[in-house]
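Undergrad: My file is input.cif. It has mmCIF, C-alpha atoms:
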```
data_upload
loop_
_atom_site.label_atom_id
_atom_site.label_comp_id
_atom_site.auth_asym_id
_atom_site.auth_seq_id
_atom_site.Cartn_x
_atom_site.Cartn_y
_atom_site.Cartn_z
CA MET E 1 -19.95 -16.26 22.09
CA ILE E 2 -22.43 -14.80 24.57
CA ILE E 3 -25.80 -16.50 24.24
CA ASN E 4 -28.05 -13.63 25.42
CA GLN E 5 -26.59 -11.03 23.06
CA PRO E 6 -27.48 -10.86 19.37
CA LEU E 7 -24.71 -12.07 17.08
CA VAL E 8 -22.79 -9.41 15.15
CA THR E 9 -20.47 -10.04 12.24
CA ILE E 10 -17.73 -7.55 11.50
CA ILE E 11 -16.83 -7.54 7.80
CA THR E 12 -13.69 -5.80 6.70
CA PRO E 13 -13.15 -5.59 2.94
CA THR E 14 -9.47 -5.08 2.16
CA TYR E 15 -7.29 -4.32 -0.80
CA LYS E 16 -3.56 -4.03 -0.22
CA GLN E 17 -4.16 -2.97 3.38
CA ASN E 18 -1.15 -4.70 4.92
CA LYS E 19 1.07 -1.70 4.27
CA PHE E 20 1.75 0.84 7.00
CA ASP E 21 0.45 -1.59 9.64
CA GLU E 22 -3.15 -0.34 9.08
CA LEU E 23 -4.78 -3.76 9.05
CA HIS E 24 -2.83 -4.95 12.09
CA LYS E 25 -3.94 -1.91 14.11
CA MET E 26 -7.57 -2.41 13.11
CA LEU E 27 -7.47 -6.12 13.96
CA GLN E 28 -5.96 -5.38 17.37
CA SER E 29 -8.51 -2.67 18.14
CA VAL E 30 -11.43 -4.95 17.25
CA GLN E 31 -10.20 -7.40 19.89
CA THR E 32 -10.88 -4.79 22.61
CA GLN E 33 -14.63 -4.57 22.02
CA THR E 34 -16.70 -4.70 25.22
CA TYR E 35 -19.55 -6.31 23.27
CA LYS E 36 -18.37 -9.90 23.04
CA ASN E 37 -20.79 -11.73 20.75
CA TRP E 38 -19.17 -10.96 17.40
CA GLU E 39 -17.24 -12.71 14.68
CA LEU E 40 -14.77 -11.17 12.26
CA ILE E 41 -14.68 -11.75 8.51
CA ILE E 42 -11.90 -10.32 6.37
CA VAL E 43 -12.43 -10.11 2.61
CA ASP E 44 -9.12 -9.86 0.75
CA ASP E 45 -10.17 -8.32 -2.55
CA GLY E 46 -7.27 -9.35 -4.77
CA SER E 47 -4.34 -8.11 -2.65
CA ASN E 48 -0.82 -9.29 -3.26
CA ASP E 49 0.80 -7.84 -0.14
CA GLY E 50 0.14 -10.54 2.47
CA THR E 51 -3.16 -9.06 3.67
CA ASN E 52 -4.75 -12.51 3.90
CA ILE E 53 -1.81 -13.85 5.96
CA GLU E 54 -2.05 -11.00 8.48
CA ALA E 55 -5.83 -11.42 8.68
CA SER E 56 -5.59 -15.17 9.30
CA ARG E 57 -3.65 -14.44 12.49
CA TYR E 58 -6.88 -12.97 13.94
CA THR E 59 -9.72 -14.92 12.34
CA ASP E 60 -10.47 -18.20 10.58
CA HIS E 61 -12.93 -16.35 8.36
CA VAL E 62 -10.75 -14.95 5.59
CA LEU E 63 -12.29 -14.88 2.12
CA VAL E 64 -9.80 -14.34 -0.70
CA ILE E 65 -11.13 -12.97 -3.99
CA GLU E 66 -8.54 -13.52 -6.71
CA LYS E 67 -9.30 -10.42 -8.81
CA ASN E 68 -10.02 -7.01 -7.30
CA LYS E 69 -13.71 -6.15 -7.80
CA GLY E 70 -14.06 -3.16 -5.47
CA LYS E 71 -15.34 -2.64 -1.97
CA ALA E 72 -19.08 -2.95 -2.69
CA ASP E 73 -18.65 -6.27 -4.51
CA ALA E 74 -16.36 -7.56 -1.75
CA MET E 75 -19.05 -6.80 0.85
CA ASN E 76 -21.80 -8.44 -1.24
CA THR E 77 -19.59 -11.49 -1.81
CA ALA E 78 -19.05 -11.90 1.94
CA ILE E 79 -22.78 -11.57 2.67
CA SER E 80 -23.66 -14.34 0.23
CA HIS E 81 -20.60 -16.59 0.76
CA PHE E 82 -21.03 -16.75 4.54
CA GLU E 83 -24.88 -16.61 4.41
CA LEU E 84 -24.76 -13.70 6.83
CA VAL E 85 -28.42 -12.73 6.54
CA HIS E 86 -29.44 -16.07 8.04
CA ARG E 87 -26.66 -16.40 10.63
CA TYR E 88 -26.28 -12.94 12.18
CA ASP E 89 -28.55 -10.29 13.64
CA PHE E 90 -26.30 -7.39 12.68
CA ILE E 91 -23.61 -6.76 10.07
CA LEU E 92 -20.89 -4.22 10.78
CA PHE E 93 -18.85 -3.07 7.79
CA MET E 94 -15.53 -1.69 8.99
CA ASP E 95 -12.74 -0.23 6.89
CA ALA E 96 -9.31 -1.80 7.30
CA ASP E 97 -7.76 1.47 8.46
CA THR E 98 -10.35 2.07 11.18
CA GLN E 99 -9.65 1.69 14.87
CA PRO E 100 -13.00 1.63 16.66
CA ASP E 101 -13.48 2.74 20.23
CA SER E 102 -13.69 -0.31 22.51
CA HIS E 103 -17.39 0.43 23.18
CA PHE E 104 -18.38 0.96 19.53
CA VAL E 105 -20.32 -2.28 18.93
CA GLU E 106 -21.96 -2.08 22.35
CA LEU E 107 -23.11 1.50 21.77
CA CYS E 108 -24.47 0.63 18.31
CA TYR E 109 -26.40 -2.30 19.75
CA LYS E 110 -27.89 -0.01 22.41
CA ARG E 111 -29.11 2.31 19.63
CA PHE E 112 -30.82 -0.60 17.87
CA SER E 113 -32.37 -2.02 21.03
CA ALA E 114 -33.59 1.22 22.63
CA SER E 115 -37.34 1.47 23.05
CA GLY E 116 -38.92 2.98 19.95
CA ASN E 117 -35.98 2.12 17.70
CA GLU E 118 -37.39 -1.12 16.30
CA GLY E 119 -37.46 0.44 12.82
CA VAL E 120 -33.81 1.56 12.89
CA VAL E 121 -31.93 -0.35 10.19
CA CYS E 122 -28.51 1.33 10.29
CA VAL E 123 -26.18 3.03 12.77
CA VAL E 124 -23.23 4.95 11.34
CA GLY E 125 -20.00 5.47 13.25
CA ARG E 126 -18.48 8.90 13.63
CA VAL E 127 -14.90 9.59 12.65
CA GLN E 128 -12.72 11.07 15.33
CA GLY E 129 -9.12 11.85 14.50
CA MET E 130 -6.37 10.55 16.71
CA GLY E 131 -4.47 13.80 16.21
CA GLY E 132 -0.79 14.10 16.46
CA SER E 133 0.01 15.61 13.09
CA LEU E 134 -1.03 18.30 10.69
CA ILE E 135 -1.65 15.65 8.01
CA ALA E 136 -3.98 13.64 10.30
CA ASP E 137 -5.93 16.79 11.18
CA TYR E 138 -6.18 17.74 7.50
CA ARG E 139 -7.43 14.24 6.54
CA LEU E 140 -10.12 14.41 9.25
CA TRP E 141 -11.22 17.83 8.00
CA GLU E 142 -11.24 16.57 4.39
CA TYR E 143 -13.25 13.47 5.36
CA THR E 144 -15.83 15.54 7.25
CA ILE E 145 -16.29 17.98 4.35
CA ALA E 146 -16.53 15.20 1.75
CA HIS E 147 -19.22 13.35 3.66
CA SER E 148 -21.20 16.55 4.15
CA VAL E 149 -21.12 17.08 0.37
CA TYR E 150 -22.13 13.44 -0.29
CA LYS E 151 -25.02 13.66 2.18
CA SER E 152 -26.28 16.88 0.59
CA ALA E 153 -26.11 15.30 -2.86
CA GLN E 154 -27.98 12.24 -1.61
CA ALA E 155 -30.74 14.45 -0.21
CA ASP E 156 -31.03 16.41 -3.47
CA LEU E 157 -30.97 13.28 -5.66
CA HIS E 158 -33.11 11.17 -3.34
CA ALA E 159 -30.54 8.41 -3.75
CA ILE E 160 -27.76 6.85 -1.75
CA LEU E 161 -24.52 6.90 -3.68
CA VAL E 162 -22.16 6.21 -0.81
CA VAL E 163 -21.74 3.20 1.44
CA PRO E 164 -21.57 5.21 4.66
CA GLY E 165 -18.38 5.58 6.49
CA CYS E 166 -15.61 3.66 8.02
CA ALA E 167 -17.83 1.73 10.45
CA THR E 168 -21.54 1.17 9.82
CA VAL E 169 -23.82 -1.41 11.44
CA TYR E 170 -26.94 -2.73 9.69
CA ARG E 171 -29.67 -5.09 10.72
CA SER E 172 -28.82 -8.14 8.63
CA SER E 173 -32.43 -8.41 7.47
CA VAL E 174 -31.81 -5.33 5.26
CA PHE E 175 -29.73 -7.53 2.95
CA LYS E 176 -32.49 -10.07 2.38
CA GLU E 177 -33.81 -7.79 -0.33
CA LEU E 178 -30.98 -5.35 -1.01
CA LYS E 179 -27.45 -5.52 -2.35
CA ILE E 180 -24.87 -2.79 -2.32
CA PRO E 181 -24.73 -1.59 -5.94
CA SER E 182 -21.48 -2.44 -7.70
CA GLY E 183 -19.34 0.63 -8.14
CA THR E 184 -20.86 2.41 -5.15
CA LEU E 185 -18.57 5.10 -3.77
CA THR E 186 -17.14 4.24 -0.39
#
```
Is it possible to express this structure as structure tokens?
TA:
Amino acid sequence: MIINQPLVTIITPTYKQNKFDELHKMLQSVQTQTYKNWELIIVDDGSNDGTNIEASRYTDHVLVIEKNKGKADAMNTAISHFELVHRYDFILFMDADTQPDSHFVELCYKRFSASGNEGVVCVVGRVQGMGGSLIADYRLWEYTIAHSVYKSAQADLHAILVVPGCATVYRSSVFKELKIPSGTLT
């Protein structure tokens, strides 16, 4: 750990993510972060495919939930189980099929620490397709459209119904008073 940098925890809720090598690719990509003061927590939300075994190759912080409760409950369970609000400055929720750019955490921290951004509580990552196939391009297009629809609905309803994106960083203090509602779309 680097003493002069705020501590970030990366939480990855998983459910049967060991297929297709998704989890392995995410875990490898996290290791390349230029921001070095982070710890990784994997929440295995009732998988039966060896997700927890793959995760334990990369971190000692693997929380296994016996019965699948959904992504929102898995994230809330990790926050309370590991007492994250009191131990970390920032919490990064990252999907198990995400491969962040090596500068992602560093760039998010810069957004939080920039002059005038003291009130910023959340920085959302942007999806960028890796290309290479018509299916990958279609999924990126579909993802972009879906999030545009969700954001419009949130604005009209004055409510947040979606835990944003594949990689979102929050100030941990947000979770002193809030929980992610069970059943929240992700």
Undergrad: Separation of atom CA of E:Pro13 and atom CA of E:Gln31, in Å?
TA: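 Between atom CA of E:Pro13 and atom CA of E:Gln31 the gap is 17.3 Å.
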Undergrad: Please write the residues picked by the PyMOL selection byres ((chain E and resi 181) around 9) on this file as a list in words.
TA: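 Selection result, ordered by chain and number: Ala72, Asp73, Asn76, Leu161, Leu178, Lys179, Ile180, Ser182, Gly183 and Thr184 of chain E.
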Undergrad: Specify as a list in words each residue included when the PyMOL selection byres ((chain E and resi 40-46) around 7) is applied to this file.
TA: Thr9, Ile10, Ile11, Thr12, Pro13, Thr14, Tyr15, Trp38, Glu39, Ser47, Asn48, Thr51, Asn52, Ala55, Thr59, His61, Val62, Leu63, Val64, Ile65, Glu66, Lys67, Asn68, Lys69, Ala74 and Ala78 of chain E
Undergrad: Residues within 8 Å of stretch 87-89 of chain E, please, as a ChimeraX atom specification. Count all atoms listed in the file; anything in the same chain fewer than 4 positions from it doesn't count.
TA: /E:6-9,83,171-173
Undergrad: Could you jot down the atom CA of E:Arg139 to atom CA of E:Gln28 separation for me, Å, one decimal place?
TA: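 These two atoms are separated by 22.5 Å.
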Undergrad: Give me, as a list in words, all polymer residues having an atom no more than 8 Å from E:Pro100, counting only C-alpha atoms and skipping those fewer than 4 positions away in the same chain.
TA: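 Answer for this query is Met26, Ser29, Val30, Phe104 and Ala167 of chain E.
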Undergrad: Which residues match the PyMOL selection byres ((chain E and resi 33) around 7) in the file above, as a list in words?
TA: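 Those residues are Val30, Gln31, Thr32, Thr34, Tyr35, Lys36, Ser102, His103 and Val105 of chain E.
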Undergrad: Just the number, please: distance in Å from atom CA of E:Cys166 to atom CA of E:Tyr138, one decimal.
TA: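 Computing the Euclidean distance for atom CA of E:Cys166 and atom CA of E:Tyr138 yields 17.0 Å.
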Undergrad: Which one is closest to E:Val124: E:Ser56, E:Thr168, E:Gln99, E:Asn4? Count only C-alpha atoms.
TA: E:Thr168
Undergrad: Quick one: of E:Phe112, E:Phe90, E:Trp141, E:Tyr170, who's nearest to E:Asn37, counting only C-alpha atoms?
TA: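 Under the stated criterion, the closest residue is E:Phe90.
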